[in-house]
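Listing of run-v5.pdb; format and content: PDB, C-alpha atoms and all ligand atoms.
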```
MODEL        1
ATOM      1  CA  MET R   1     -18.908 -15.831   0.783
ATOM      2  CA  SER R   2     -17.541 -19.290   1.223
ATOM      3  CA  ASP R   3     -17.707 -21.382   4.349
ATOM      4  CA  ALA R   4     -14.091 -20.557   5.222
ATOM      5  CA  PRO R   5     -13.496 -20.395   8.977
ATOM      6  CA  PRO R   6     -13.825 -16.933  10.523
ATOM      7  CA  LEU R   7     -10.652 -14.864  10.770
ATOM      8  CA  ASP R   8      -8.835 -14.903  14.060
ATOM      9  CA  ARG R   9      -8.408 -11.126  14.109
ATOM     10  CA  ARG R  10      -6.727 -11.005  17.496
ATOM     11  CA  ARG R  11      -4.075 -13.475  16.473
ATOM     12  CA  ILE R  12      -3.385 -11.574  13.242
ATOM     13  CA  SER R  13      -3.191  -8.281  15.133
ATOM     14  CA  ARG R  14      -0.748  -9.698  17.612
ATOM     15  CA  ALA R  15       1.454 -11.019  14.800
ATOM     16  CA  LEU R  16       1.456  -7.632  13.033
ATOM     17  CA  THR R  17       2.204  -5.744  16.235
ATOM     18  CA  ARG R  18       5.149  -8.015  16.910
ATOM     19  CA  VAL R  19       6.587  -7.358  13.486
ATOM     20  CA  ALA R  20       5.894  -3.620  13.222
ATOM     21  CA  ASN R  21       9.220  -1.915  13.914
ATOM     22  CA  ALA R  22      10.933  -5.145  14.994
ATOM     23  CA  PRO R  23      14.598  -5.804  14.180
ATOM     24  CA  VAL R  24      15.275  -7.797  11.021
ATOM     25  CA  ALA R  25      16.019 -11.053  12.852
ATOM     26  CA  GLU R  26      12.638 -10.973  14.605
ATOM     27  CA  VAL R  27      10.827 -10.174  11.372
ATOM     28  CA  LEU R  28      12.391 -13.181   9.685
ATOM     29  CA  ALA R  29      11.471 -15.407  12.603
ATOM     30  CA  ALA R  30       7.844 -14.227  12.445
ATOM     31  CA  ILE R  31       7.569 -14.695   8.693
ATOM     32  CA  GLY R  32       9.016 -18.169   8.971
ATOM     33  CA  ASP R  33      10.190 -20.490   6.268
ATOM     34  CA  SER R  34       7.025 -21.178   4.351
ATOM     35  CA  LYS R  35       6.671 -20.408   0.676
ATOM     36  CA  VAL R  36       4.294 -17.472   0.603
ATOM     37  CA  ARG R  37       1.453 -17.325  -1.904
ATOM     38  CA  PRO R  38       1.339 -13.733  -3.174
ATOM     39  CA  ALA R  39      -1.902 -11.904  -2.459
ATOM     40  CA  PHE R  40      -3.298  -9.483  -5.004
ATOM     41  CA  ARG R  41      -2.245  -6.099  -3.661
ATOM     42  CA  ILE R  42      -4.124  -2.875  -4.342
ATOM     43  CA  GLY R  43      -2.618   0.484  -3.337
ATOM     44  CA  ILE R  44      -4.881   3.474  -2.725
ATOM     45  CA  THR R  45      -2.886   6.670  -2.445
ATOM     46  CA  GLY R  46      -3.638  10.386  -2.565
ATOM     47  CA  PRO R  47      -3.505  13.624  -0.577
ATOM     48  CA  PRO R  48      -4.390  13.839   3.122
ATOM     49  CA  GLY R  49      -8.146  14.023   3.621
ATOM     50  CA  GLY R  50      -8.725  13.244  -0.058
ATOM     51  CA  GLY R  51     -11.325  10.579   0.634
ATOM     52  CA  LYS R  52      -9.206   7.404   0.580
ATOM     53  CA  SER R  53     -10.761   5.739   3.622
ATOM     54  CA  SER R  54     -14.288   6.633   2.533
ATOM     55  CA  LEU R  55     -13.570   5.048  -0.815
ATOM     56  CA  ILE R  56     -12.045   1.924   0.745
ATOM     57  CA  ASN R  57     -15.138   1.597   2.952
ATOM     58  CA  ALA R  58     -17.300   1.255  -0.118
ATOM     59  CA  LEU R  59     -14.789  -0.682  -2.211
ATOM     60  CA  VAL R  60     -14.292  -3.373   0.418
ATOM     61  CA  GLN R  61     -17.983  -4.204   0.302
ATOM     62  CA  GLU R  62     -17.781  -4.673  -3.462
ATOM     63  CA  ARG R  63     -14.625  -6.781  -3.270
ATOM     64  CA  LEU R  64     -16.093  -9.036  -0.580
ATOM     65  CA  SER R  65     -19.526  -9.378  -2.137
ATOM     66  CA  PRO R  66     -20.871 -12.941  -2.392
ATOM     67  CA  GLY R  67     -19.040 -15.209  -4.796
ATOM     68  CA  THR R  68     -15.855 -13.162  -4.842
ATOM     69  CA  LEU R  69     -13.005 -13.230  -2.322
ATOM     70  CA  ASP R  70     -12.831 -15.089   0.961
ATOM     71  CA  THR R  71     -10.421 -12.836   2.788
ATOM     72  CA  LEU R  72      -9.274  -9.238   2.418
ATOM     73  CA  ALA R  73      -6.938  -7.215   4.604
ATOM     74  CA  VAL R  74      -6.808  -3.410   4.659
ATOM     75  CA  LEU R  75      -3.569  -1.886   5.910
ATOM     76  CA  ALA R  76      -3.837   1.885   6.399
ATOM     77  CA  ILE R  77      -0.570   3.730   6.932
ATOM     78  CA  ASP R  78      -1.254   6.772   9.020
ATOM     79  CA  PRO R  79       1.247   9.575   8.593
ATOM     80  CA  SER R  80       0.335  10.918  12.055
ATOM     81  CA  SER R  81       2.851  13.676  11.652
ATOM     82  CA  PRO R  82       1.889  17.340  11.670
ATOM     83  CA  VAL R  83       4.100  17.919   8.645
ATOM     84  CA  SER R  84       2.608  15.427   6.250
ATOM     85  CA  GLY R  85      -0.869  16.072   7.549
ATOM     86  CA  GLY R  86      -3.808  13.733   7.315
ATOM     87  CA  ALA R  87      -7.375  14.905   7.787
ATOM     88  CA  ILE R  88      -7.821  16.700  11.067
ATOM     89  CA  LEU R  89      -8.621  14.022  13.590
ATOM     90  CA  GLY R  90     -12.361  13.747  13.996
ATOM     91  CA  ASP R  91     -12.834  14.694  10.382
ATOM     92  CA  ARG R  92     -11.104  11.537   9.326
ATOM     93  CA  ILE R  93     -13.351   8.689   8.288
ATOM     94  CA  ARG R  94     -12.973   5.612  10.410
ATOM     95  CA  MET R  95     -13.639   2.236   8.950
ATOM     96  CA  ASP R  96     -15.220   0.785  12.084
ATOM     97  CA  ALA R  97     -18.576   0.349  10.407
ATOM     98  CA  ILE R  98     -17.213  -2.365   8.143
ATOM     99  CA  ALA R  99     -14.840  -3.908  10.690
ATOM    100  CA  ASP R 100     -17.076  -6.922  11.323
ATOM    101  CA  LEU R 101     -17.581  -7.854   7.693
ATOM    102  CA  PRO R 102     -16.806 -11.583   7.411
ATOM    103  CA  GLY R 103     -13.409 -12.164   5.845
ATOM    104  CA  LEU R 104     -12.229  -8.594   6.425
ATOM    105  CA  TYR R 105      -9.285  -7.563   8.566
ATOM    106  CA  LEU R 106      -8.529  -3.862   9.122
ATOM    107  CA  ARG R 107      -5.380  -2.407  10.556
ATOM    108  CA  SER R 108      -3.989   1.106  10.869
ATOM    109  CA  LEU R 109      -0.312   1.681  11.473
ATOM    110  CA  SER R 110       1.755   4.785  11.977
ATOM    111  CA  SER R 111       4.491   5.570   9.493
ATOM    112  CA  ARG R 112       6.495   7.152  12.331
ATOM    113  CA  GLY R 113       9.620   8.776  11.007
ATOM    114  CA  ALA R 114       9.787   6.881   7.722
ATOM    115  CA  ARG R 115      11.040   9.107   4.942
ATOM    116  CA  ASN R 116       8.728   7.955   2.213
ATOM    117  CA  GLY R 117       5.308   8.123   3.871
ATOM    118  CA  LEU R 118       5.243   4.357   4.224
ATOM    119  CA  CYS R 119       6.334   2.373   7.236
ATOM    120  CA  ASP R 120       9.933   1.344   6.655
ATOM    121  CA  ASN R 121       8.795  -2.198   7.048
ATOM    122  CA  VAL R 122       5.610  -2.127   5.022
ATOM    123  CA  VAL R 123       6.872  -5.069   2.961
ATOM    124  CA  ASP R 124       7.276  -7.131   6.121
ATOM    125  CA  LEU R 125       3.686  -6.394   7.055
ATOM    126  CA  LEU R 126       2.369  -7.189   3.592
ATOM    127  CA  THR R 127       4.297 -10.465   3.575
ATOM    128  CA  LEU R 128       3.043 -11.326   7.038
ATOM    129  CA  LEU R 129      -0.530 -10.813   5.845
ATOM    130  CA  GLU R 130       0.243 -13.153   2.950
ATOM    131  CA  VAL R 131       1.614 -15.716   5.389
ATOM    132  CA  GLN R 132      -1.754 -15.457   7.158
ATOM    133  CA  GLY R 133      -3.299 -16.485   3.841
ATOM    134  CA  PHE R 134      -5.137 -13.338   2.755
ATOM    135  CA  ASP R 135      -6.361 -13.426  -0.845
ATOM    136  CA  GLU R 136      -6.105  -9.704  -1.286
ATOM    137  CA  ILE R 137      -4.625  -6.691   0.483
ATOM    138  CA  ILE R 138      -5.576  -3.020   0.165
ATOM    139  CA  LEU R 139      -2.856  -0.587   1.249
ATOM    140  CA  GLU R 140      -3.956   2.984   2.071
ATOM    141  CA  THR R 141      -1.170   5.554   2.072
ATOM    142  CA  VAL R 142      -0.992   9.317   2.024
ATOM    143  CA  GLY R 143       0.704  10.539  -1.111
ATOM    144  CA  VAL R 144       3.570  12.620   0.219
ATOM    145  CA  GLY R 145       7.072  12.952  -1.130
ATOM    146  CA  GLN R 146       8.304   9.774  -2.680
ATOM    147  CA  SER R 147       5.575   7.557  -1.318
ATOM    148  CA  GLU R 148       3.827   6.988  -4.640
ATOM    149  CA  VAL R 149       7.005   5.542  -6.037
ATOM    150  CA  ALA R 150       7.477   3.332  -2.994
ATOM    151  CA  VAL R 151       3.846   2.167  -3.041
ATOM    152  CA  HIS R 152       3.990   1.490  -6.745
ATOM    153  CA  LYS R 153       6.783  -0.996  -6.131
ATOM    154  CA  VAL R 154       4.909  -3.054  -3.554
ATOM    155  CA  VAL R 155       1.424  -3.292  -5.080
ATOM    156  CA  ASP R 156      -0.042  -4.836  -8.229
ATOM    157  CA  THR R 157      -2.638  -2.181  -8.962
ATOM    158  CA  LEU R 158      -2.114   1.419  -7.904
ATOM    159  CA  VAL R 159      -5.203   3.606  -7.589
ATOM    160  CA  VAL R 160      -4.348   7.288  -7.244
ATOM    161  CA  ILE R 161      -7.138   9.439  -5.861
ATOM    162  CA  VAL R 162      -7.520  13.134  -6.592
ATOM    163  CA  PRO R 163     -10.242  15.147  -4.833
ATOM    164  CA  PRO R 164     -11.860  17.940  -6.880
ATOM    165  CA  ASP R 165     -10.426  20.537  -4.520
ATOM    166  CA  ALA R 166      -6.837  19.277  -4.766
ATOM    167  CA  GLY R 167      -4.601  22.291  -4.342
ATOM    168  CA  ASP R 168      -2.502  21.745  -7.438
ATOM    169  CA  SER R 169      -3.911  22.331 -10.835
ATOM    170  CA  VAL R 170      -3.683  19.241 -12.961
ATOM    171  CA  GLN R 171      -1.048  20.841 -15.174
ATOM    172  CA  THR R 172       1.312  21.371 -12.255
ATOM    173  CA  MET R 173       0.550  18.130 -10.473
ATOM    174  CA  LYS R 174       3.698  16.215  -9.622
ATOM    175  CA  SER R 175       4.325  14.136 -12.671
ATOM    176  CA  GLY R 176       5.355  11.084 -10.633
ATOM    177  CA  ILE R 177       1.875  10.539  -9.293
ATOM    178  CA  LEU R 178       0.069  10.357 -12.566
ATOM    179  CA  GLU R 179       2.699   8.300 -14.304
ATOM    180  CA  MET R 180       2.575   5.677 -11.577
ATOM    181  CA  ALA R 181      -1.194   5.302 -11.538
ATOM    182  CA  ASP R 182      -2.945   2.285 -13.017
ATOM    183  CA  ILE R 183      -6.327   3.847 -12.278
ATOM    184  CA  ILE R 184      -7.168   7.425 -11.316
ATOM    185  CA  VAL R 185     -10.190   8.222  -9.201
ATOM    186  CA  VAL R 186     -11.641  11.672  -8.692
ATOM    187  CA  THR R 187     -13.210  11.318  -5.261
ATOM    188  CA  LYS R 188     -15.993  13.469  -3.741
ATOM    189  CA  ALA R 189     -17.745  13.558  -7.102
ATOM    190  CA  ASP R 190     -20.688  15.353  -5.474
ATOM    191  CA  MET R 191     -18.497  18.444  -5.164
ATOM    192  CA  SER R 192     -18.363  21.049  -7.864
ATOM    193  CA  GLY R 193     -15.371  20.731 -10.102
ATOM    194  CA  ALA R 194     -15.244  16.925 -10.043
ATOM    195  CA  ARG R 195     -16.223  16.446 -13.654
ATOM    196  CA  ARG R 196     -13.822  19.143 -14.774
ATOM    197  CA  MET R 197     -11.017  17.578 -12.756
ATOM    198  CA  ALA R 198     -11.686  14.182 -14.338
ATOM    199  CA  SER R 199     -11.626  15.516 -17.892
ATOM    200  CA  ASP R 200      -8.492  17.601 -17.240
ATOM    201  CA  LEU R 201      -6.773  14.526 -15.830
ATOM    202  CA  SER R 202      -7.700  12.405 -18.850
ATOM    203  CA  ALA R 203      -6.439  15.090 -21.211
ATOM    204  CA  VAL R 204      -3.161  15.597 -19.373
ATOM    205  CA  LEU R 205      -2.491  11.870 -19.123
ATOM    206  CA  ASN R 206      -3.061  11.363 -22.774
ATOM    207  CA  GLU R 207      -0.897  14.278 -23.738
ATOM    208  CA  ARG R 208       1.943  13.420 -21.318
ATOM    209  CA  SER R 209       2.256   9.722 -21.693
ATOM    210  CA  GLY R 210      -0.201   8.583 -24.306
ATOM    211  CA  ARG R 211      -1.333   5.950 -21.834
ATOM    212  CA  SER R 212      -5.011   5.293 -21.537
ATOM    213  CA  VAL R 213      -5.446   5.137 -17.797
ATOM    214  CA  PRO R 214      -9.051   4.889 -16.621
ATOM    215  CA  VAL R 215     -10.187   8.086 -14.897
ATOM    216  CA  LEU R 216     -13.253   7.414 -12.756
ATOM    217  CA  GLN R 217     -15.389   9.412 -10.340
ATOM    218  CA  THR R 218     -16.618   8.121  -6.986
ATOM    219  CA  GLN R 219     -18.544   9.281  -3.939
ATOM    220  CA  ALA R 220     -18.458   8.193  -0.326
ATOM    221  CA  ASP R 221     -22.058   6.934  -0.674
ATOM    222  CA  GLY R 222     -20.776   4.279  -3.067
ATOM    223  CA  ARG R 223     -21.592   5.901  -6.388
ATOM    224  CA  GLY R 224     -19.021   4.954  -9.003
ATOM    225  CA  VAL R 225     -17.429   2.309  -6.799
ATOM    226  CA  ALA R 226     -18.776  -0.645  -8.812
ATOM    227  CA  GLU R 227     -17.026   0.843 -11.871
ATOM    228  CA  LEU R 228     -13.815   1.165  -9.898
ATOM    229  CA  ASN R 229     -14.183  -2.429  -8.783
ATOM    230  CA  ARG R 230     -14.493  -3.548 -12.407
ATOM    231  CA  ALA R 231     -11.496  -1.427 -13.452
ATOM    232  CA  ILE R 232      -9.409  -3.062 -10.713
ATOM    233  CA  ASP R 233     -10.425  -6.523 -11.913
ATOM    234  CA  ALA R 234      -9.640  -5.574 -15.499
ATOM    235  CA  HIS R 235      -6.187  -4.367 -14.461
ATOM    236  CA  ARG R 236      -5.655  -7.517 -12.458
ATOM    237  CA  ASN R 237      -6.551  -9.651 -15.463
ATOM    238  CA  SER R 238      -4.190  -7.703 -17.682
ATOM    239  CA  ILE R 239      -1.352  -8.366 -15.218
ATOM    240  CA  VAL R 240      -2.145 -12.051 -14.935
ATOM    241  CA  GLU R 241      -1.844 -12.308 -18.712
ATOM    242  CA  LYS R 242       1.579 -10.697 -18.578
ATOM    243  CA  ARG R 243       3.251 -12.490 -15.686
ATOM    244  CA  THR R 244       3.042 -15.685 -13.750
ATOM    245  CA  GLU R 245       2.694 -16.061 -10.016
ATOM    246  CA  GLU R 246       6.311 -17.233  -9.925
ATOM    247  CA  THR R 247       7.491 -13.960 -11.516
ATOM    248  CA  THR R 248       5.524 -11.982  -8.944
ATOM    249  CA  ARG R 249       6.919 -14.067  -6.137
ATOM    250  CA  GLU R 250      10.467 -13.620  -7.409
ATOM    251  CA  SER R 251      10.293  -9.851  -7.836
ATOM    252  CA  ARG R 252       8.682  -9.450  -4.414
ATOM    253  CA  ARG R 253      11.365 -11.569  -2.845
ATOM    254  CA  ARG R 254      14.095  -9.407  -4.388
ATOM    255  CA  TYR R 255      12.444  -6.191  -3.242
ATOM    256  CA  HIS R 256      11.949  -7.607   0.221
ATOM    257  CA  LEU R 257      15.549  -8.819   0.421
ATOM    258  CA  ARG R 258      16.811  -5.348  -0.432
ATOM    259  CA  ALA R 259      14.539  -3.746   2.164
ATOM    260  CA  LEU R 260      15.755  -6.158   4.830
ATOM    261  CA  ALA R 261      19.404  -5.675   3.865
ATOM    262  CA  ASP R 262      18.940  -1.899   4.038
ATOM    263  CA  ARG R 263      17.536  -2.133   7.524
ATOM    264  CA  GLN R 264      20.194  -4.591   8.640
ATOM    265  CA  VAL R 265      22.849  -2.076   7.547
ATOM    266  CA  GLU R 266      21.031   0.663   9.493
ATOM    267  CA  GLU R 267      20.907  -1.568  12.553
ATOM    268  CA  ALA R 268      24.629  -2.365  12.302
ATOM    269  CA  LEU R 269      25.558   1.310  11.919
ATOM    270  CA  ARG R 270      23.415   2.306  14.865
ATOM    271  CA  ALA R 271      24.823  -0.404  17.096
ATOM    272  CA  ASN R 272      28.447   0.254  16.065
ATOM    273  CA  PRO R 273      28.922   3.986  15.423
ATOM    274  CA  GLU R 274      32.698   3.469  15.138
ATOM    275  CA  ILE R 275      32.163   1.720  11.794
ATOM    276  CA  THR R 276      32.179   5.046   9.958
ATOM    277  CA  GLU R 277      35.513   6.197  11.398
ATOM    278  CA  GLY R 278      38.632   6.225   9.231
ATOM    279  CA  THR R 279      38.838   5.574   5.516
ATOM    280  CA  LEU R 280      35.925   4.455   3.412
ATOM    281  CA  LYS R 281      37.582   1.112   2.740
ATOM    282  CA  ALA R 282      38.175   0.465   6.441
ATOM    283  CA  SER R 283      34.586   1.476   7.221
ATOM    284  CA  TYR R 284      33.243  -0.833   4.576
ATOM    285  CA  ASP R 285      35.283  -3.757   5.883
ATOM    286  CA  ARG R 286      34.066  -3.082   9.421
ATOM    287  CA  LEU R 287      30.479  -2.867   8.191
ATOM    288  CA  LEU R 288      30.755  -6.230   6.436
ATOM    289  CA  ALA R 289      32.299  -7.733   9.554
ATOM    290  CA  ALA R 290      29.492  -6.331  11.700
ATOM    291  CA  LEU R 291      26.901  -7.771   9.325
ATOM    292  CA  ARG R 292      28.551 -11.186   9.491
ATOM    293  CA  ALA R 293      28.710 -11.140  13.264
TER     294      ALA R 293
HETATM  295  N1  LIG A 301     -18.526  15.804  -0.026
HETATM  296  C1  LIG A 301     -17.854  14.682   0.120
HETATM  297  N2  LIG A 301     -17.002  14.545   1.164
HETATM  298  C2  LIG A 301     -16.311  13.388   1.287
HETATM  299  C3  LIG A 301     -16.468  12.323   0.358
HETATM  300  N3  LIG A 301     -15.634  11.330   0.715
HETATM  301  C4  LIG A 301     -14.991  11.740   1.837
HETATM  302  N4  LIG A 301     -15.390  12.983   2.180
HETATM  303  C5  LIG A 301     -14.969  13.764   3.354
HETATM  304  O1  LIG A 301     -13.558  14.030   3.296
HETATM  305  C6  LIG A 301     -12.992  13.955   4.598
HETATM  306  C7  LIG A 301     -11.810  12.996   4.601
HETATM  307  O2  LIG A 301     -12.292  11.717   4.265
HETATM  308  P1  LIG A 301     -11.417  10.407   4.463
HETATM  309  O3  LIG A 301     -12.112   9.291   3.781
HETATM  310  O4  LIG A 301     -11.059  10.229   5.897
HETATM  311  O5  LIG A 301     -10.104  10.816   3.656
HETATM  312  P2  LIG A 301      -8.641  10.139   3.711
HETATM  313  O6  LIG A 301      -8.024  10.440   2.411
HETATM  314  O7  LIG A 301      -8.727   8.729   4.131
HETATM  315  O8  LIG A 301      -7.962  10.993   4.867
HETATM  316  P3  LIG A 301      -6.562  10.684   5.609
HETATM  317  O9  LIG A 301      -6.469   9.212   5.844
HETATM  318  O10 LIG A 301      -6.649  11.459   6.864
HETATM  319  O11 LIG A 301      -5.495  11.211   4.689
HETATM  320  C8  LIG A 301     -14.121  13.537   5.556
HETATM  321  O12 LIG A 301     -14.639  14.684   6.163
HETATM  322  C9  LIG A 301     -15.133  12.926   4.626
HETATM  323  O13 LIG A 301     -16.456  13.054   5.121
HETATM  324  C10 LIG A 301     -17.414  12.491  -0.725
HETATM  325  O14 LIG A 301     -17.637  11.612  -1.578
HETATM  326  N5  LIG A 301     -18.053  13.679  -0.783
HETATM  327 MG    MG A 302      -7.740   7.649   5.679
ENDMDL
END
```
The structure in this file should be written as structure tokens.
Ligand SMILES: Nc1nc2c(ncn2[C@@H]2O[C@H](COP(=O)(O)OP(=O)(O)OP(=O)(O)O)[C@@H](O)[C@H]2O)c(=O)[nH]1
Ligand SMILES: [Mg+2]
Amino acid sequence: MSDAPPLDRRRISRALTRVANAPVAEVLAAIGDSKVRPAFRIGITGPPGGGKSSLINALVQERLSPGTLDTLAVLAIDPSSPVSGGAILGDRIRMDAIADLPGLYLRSLSSRGARNGLCDNVVDLLTLLEVQGFDEIILETVGVGQSEVAVHKVVDTLVVIVPPDAGDSVQTMKSGILEMADIIVVTKADMSGARRMASDLSAVLNERSGRSVPVLQTQADGRGVAELNRAIDAHRNSIVEKRTEETTRESRRRYHLRALADRQVEEALRANPEITEGTLKASYDRLLAALRA
């Protein structure tokens, strides 16, 4: 750990709360005009109750061990909807035990009605954390619907977790998930079936895509987490070799611009329902006019 000043967690929380679900104009005002240094972003995604938070608990301690990072933020997107699930409350692991770790900031946010299992404005929140100067961000999301694809676009390293008791057999597992993963982790390795799950996953991945994605096994007590930590660093190094910080910044800016434009269109349509009346051409002209207003 360096002698960096302690994090002002209350100030960061207030800034995030202001931005969560704020209109585009307010988001832009909060992010400000500064050139943002991209943080290294790690996504941890997988089924509800699969062991994501337990894994992050242990991983955070590895990532923040002496001589490594100064600051790390964990953003957990909570589906909090009966449809997409989440471990039954009370069964869910809370990360309070690590909340006071120097350099660590933890925040849970609801995905509300977002279609893809992420908050609609997850990119705003990630950028805001970067504005706050975090070196690294871990994003926990439940893998439902299209969320793996969405997460994949906003992180550098995507870790997909699969518990040994995952309902789907590996053969029928949604192909999207495995193809997106940079690292696969079979969680709850103390449970029977973990080793089998890991070897099935390796076989299927090889056969489907010929990619050699690391398939690791971890436990909530920390077993296997040092290996995961090394695999994340190895992936990070392989990315750094392939692209510069400027390329990362540029592609994030484009993605963010599109997300903001999308929301601005939504806002305009909601505020002016008459836009959609009449012909498509007339509607489009009215939409552009509303956006310019
Ligand atoms: N046996 C065993 N149980 C585990 C392990 N890791 C997590 N669990 C249990 O699995 C349940 C869910 O764990 P969480 O870490 O909250 O899982 P999650 O994926 O973050 O859950 P959601 O955020 O609700 O989707 C809890 O009851 C944990 O105690 C493990 O290594 N072994
Ligand atoms: Mg969780």
Expand the PyMOL selection byres (((chain R and resi 74) around 12) and not hetatm) into the individual residues it matches in the shown file, reporting them as JSON, numbers by chain. {"R": [40, 41, 42, 43, 44, 52, 53, 56, 57, 59, 60, 63, 71, 72, 73, 75, 76, 77, 95, 96, 98, 99, 103, 104, 105, 106, 107, 108, 109, 125, 126, 129, 134, 135, 136, 137, 138, 139, 140, 141]}
Write a file of the selected residues as a compact mmCIF listing (two decimals), in the frame of the given file, keeping C-alpha atoms.
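Written output follows (result-v7.txt):
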```
# COMPACT_ATOMS: atom_id res chain seq x y z
CA PHE R 40 -3.30 -9.48 -5.00
CA ARG R 41 -2.24 -6.10 -3.66
CA ILE R 42 -4.12 -2.88 -4.34
CA GLY R 43 -2.62 0.48 -3.34
CA ILE R 44 -4.88 3.47 -2.72
CA LYS R 52 -9.21 7.40 0.58
CA SER R 53 -10.76 5.74 3.62
CA ILE R 56 -12.04 1.92 0.74
CA ASN R 57 -15.14 1.60 2.95
CA LEU R 59 -14.79 -0.68 -2.21
CA VAL R 60 -14.29 -3.37 0.42
CA ARG R 63 -14.62 -6.78 -3.27
CA THR R 71 -10.42 -12.84 2.79
CA LEU R 72 -9.27 -9.24 2.42
CA ALA R 73 -6.94 -7.22 4.60
CA LEU R 75 -3.57 -1.89 5.91
CA ALA R 76 -3.84 1.88 6.40
CA ILE R 77 -0.57 3.73 6.93
CA MET R 95 -13.64 2.24 8.95
CA ASP R 96 -15.22 0.78 12.08
CA ILE R 98 -17.21 -2.37 8.14
CA ALA R 99 -14.84 -3.91 10.69
CA GLY R 103 -13.41 -12.16 5.84
CA LEU R 104 -12.23 -8.59 6.42
CA TYR R 105 -9.28 -7.56 8.57
CA LEU R 106 -8.53 -3.86 9.12
CA ARG R 107 -5.38 -2.41 10.56
CA SER R 108 -3.99 1.11 10.87
CA LEU R 109 -0.31 1.68 11.47
CA LEU R 125 3.69 -6.39 7.06
CA LEU R 126 2.37 -7.19 3.59
CA LEU R 129 -0.53 -10.81 5.84
CA PHE R 134 -5.14 -13.34 2.76
CA ASP R 135 -6.36 -13.43 -0.84
CA GLU R 136 -6.10 -9.70 -1.29
CA ILE R 137 -4.62 -6.69 0.48
CA ILE R 138 -5.58 -3.02 0.16
CA LEU R 139 -2.86 -0.59 1.25
CA GLU R 140 -3.96 2.98 2.07
CA THR R 141 -1.17 5.55 2.07
```
Given the PyMOL selection byres (((chain R and resi 231) around 12) and not hetatm) and the file above, list the residues it selects as a PyMOL selection string. chain R and resi 42+59+63+157-159+182-185+213-217+224-230+232-238
Using all atoms listed in the file, determine which residues lie at most 8 Å from Pro38 (chain R), disregarding the query and same-chain residues fewer than 2 positions distant; provide the list as a ChimeraX atom specification. /R:36,40,130,245,248-249
Residue neighbourhood Arg258 (chain R), 12 Å, all atoms listed in the file, exclusion window fewer than 4 positions, as a PyMOL selection string: chain R and resi 24+120-121+123-124+251-254+262-265
If you keep C-alpha atoms, can you produce a file of those selected residues as a PDB file, keeping the file's coordinate frame?
```pdb
ATOM      1  CA  VAL R  24      15.275  -7.797  11.021  1.00  0.00           C
ATOM      2  CA  ASP R 120       9.933   1.344   6.655  1.00  0.00           C
ATOM      3  CA  ASN R 121       8.795  -2.198   7.048  1.00  0.00           C
ATOM      4  CA  VAL R 123       6.872  -5.069   2.961  1.00  0.00           C
ATOM      5  CA  ASP R 124       7.276  -7.131   6.121  1.00  0.00           C
ATOM      6  CA  SER R 251      10.293  -9.851  -7.836  1.00  0.00           C
ATOM      7  CA  ARG R 252       8.682  -9.450  -4.414  1.00  0.00           C
ATOM      8  CA  ARG R 253      11.365 -11.569  -2.845  1.00  0.00           C
ATOM      9  CA  ARG R 254      14.095  -9.407  -4.388  1.00  0.00           C
ATOM     10  CA  ASP R 262      18.940  -1.899   4.038  1.00  0.00           C
ATOM     11  CA  ARG R 263      17.536  -2.133   7.524  1.00  0.00           C
ATOM     12  CA  GLN R 264      20.194  -4.591   8.640  1.00  0.00           C
ATOM     13  CA  VAL R 265      22.849  -2.076   7.547  1.00  0.00           C
TER      14      VAL R 265
END
```
Residue nearest Ala58 (chain R) - candidates R:Asn21, R:Gln219, R:Ser209, R:Ser199, atoms counted: only C-alpha atoms: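 Under the stated criterion, the closest residue is R:Gln219.
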Please determine, counting all atoms listed in the file, which residue among R:Leu28, R:Val142, R:Leu101, R:Leu69 has the shortest atom-to-atom distance to ligand MG 302 (chain A).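 Comparing R:Leu28, R:Val142, R:Leu101, R:Leu69 against ligand MG 302 (chain A), the winner is R:Val142.
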Quick one, how far is CA of Asp156 (chain R) from CA of Ile31 (chain R)? 21.0 Å
Considering only C-alpha atoms and all ligand atoms, state which residue in the set R:Ile161, R:Ala29, R:Leu205, R:Ile275 is at the smallest distance from ligand MG 302 (chain A). R:Ile161
Straight-line distance linking CA of Gly49 (chain R) with atom O2 of ligand LIG 301 (chain A), stated in Å to one decimal: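 Atom O2 of ligand LIG 301 (chain A) lies 4.8 Å from CA of Gly49 (chain R).
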Using all atoms listed in the file, which protein or nucleic acid residues come within 9 Å of Tyr255 (chain R)? Drop anything in the same chain fewer than 5 positions from it, and give the result as a list in words.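 The residues that qualify are Val123, Lys153, Val154, Glu250 and Leu260 of chain R.
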Where does the PyMOL selection byres (((chain R and resi 179) around 10) and not hetatm) land in this file, that is, which residues does it pick, as JSON, numbers by chain? {"R": [148, 149, 174, 175, 176, 177, 178, 180, 181, 182, 205, 208, 209, 211, 213]}
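Shortest separation to Ala189 (chain R) among R:Leu55, R:Ala150, R:Ile12, R:Ala271 occurs at residue R:Leu55, atoms counted being all atoms listed in the file.
Distance annotation: of R:Gln61, R:Ser111, R:Gln132, R:Ser34, the residue with the minimal separation from Ser13 (chain R) is R:Gln132; atom set is only C-alpha atoms.
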What does the distance between atom O8 of ligand LIG 301 (chain A) and CA of Val155 (chain R) come to in Å, to one decimal place?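 Between these atoms lies a distance of 19.8 Å.
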Considering all atoms listed in the file, can you say which of R:Val162, R:Ala20, R:Ala220, R:Val122 comes closest to Ala198 (chain R)? R:Val162
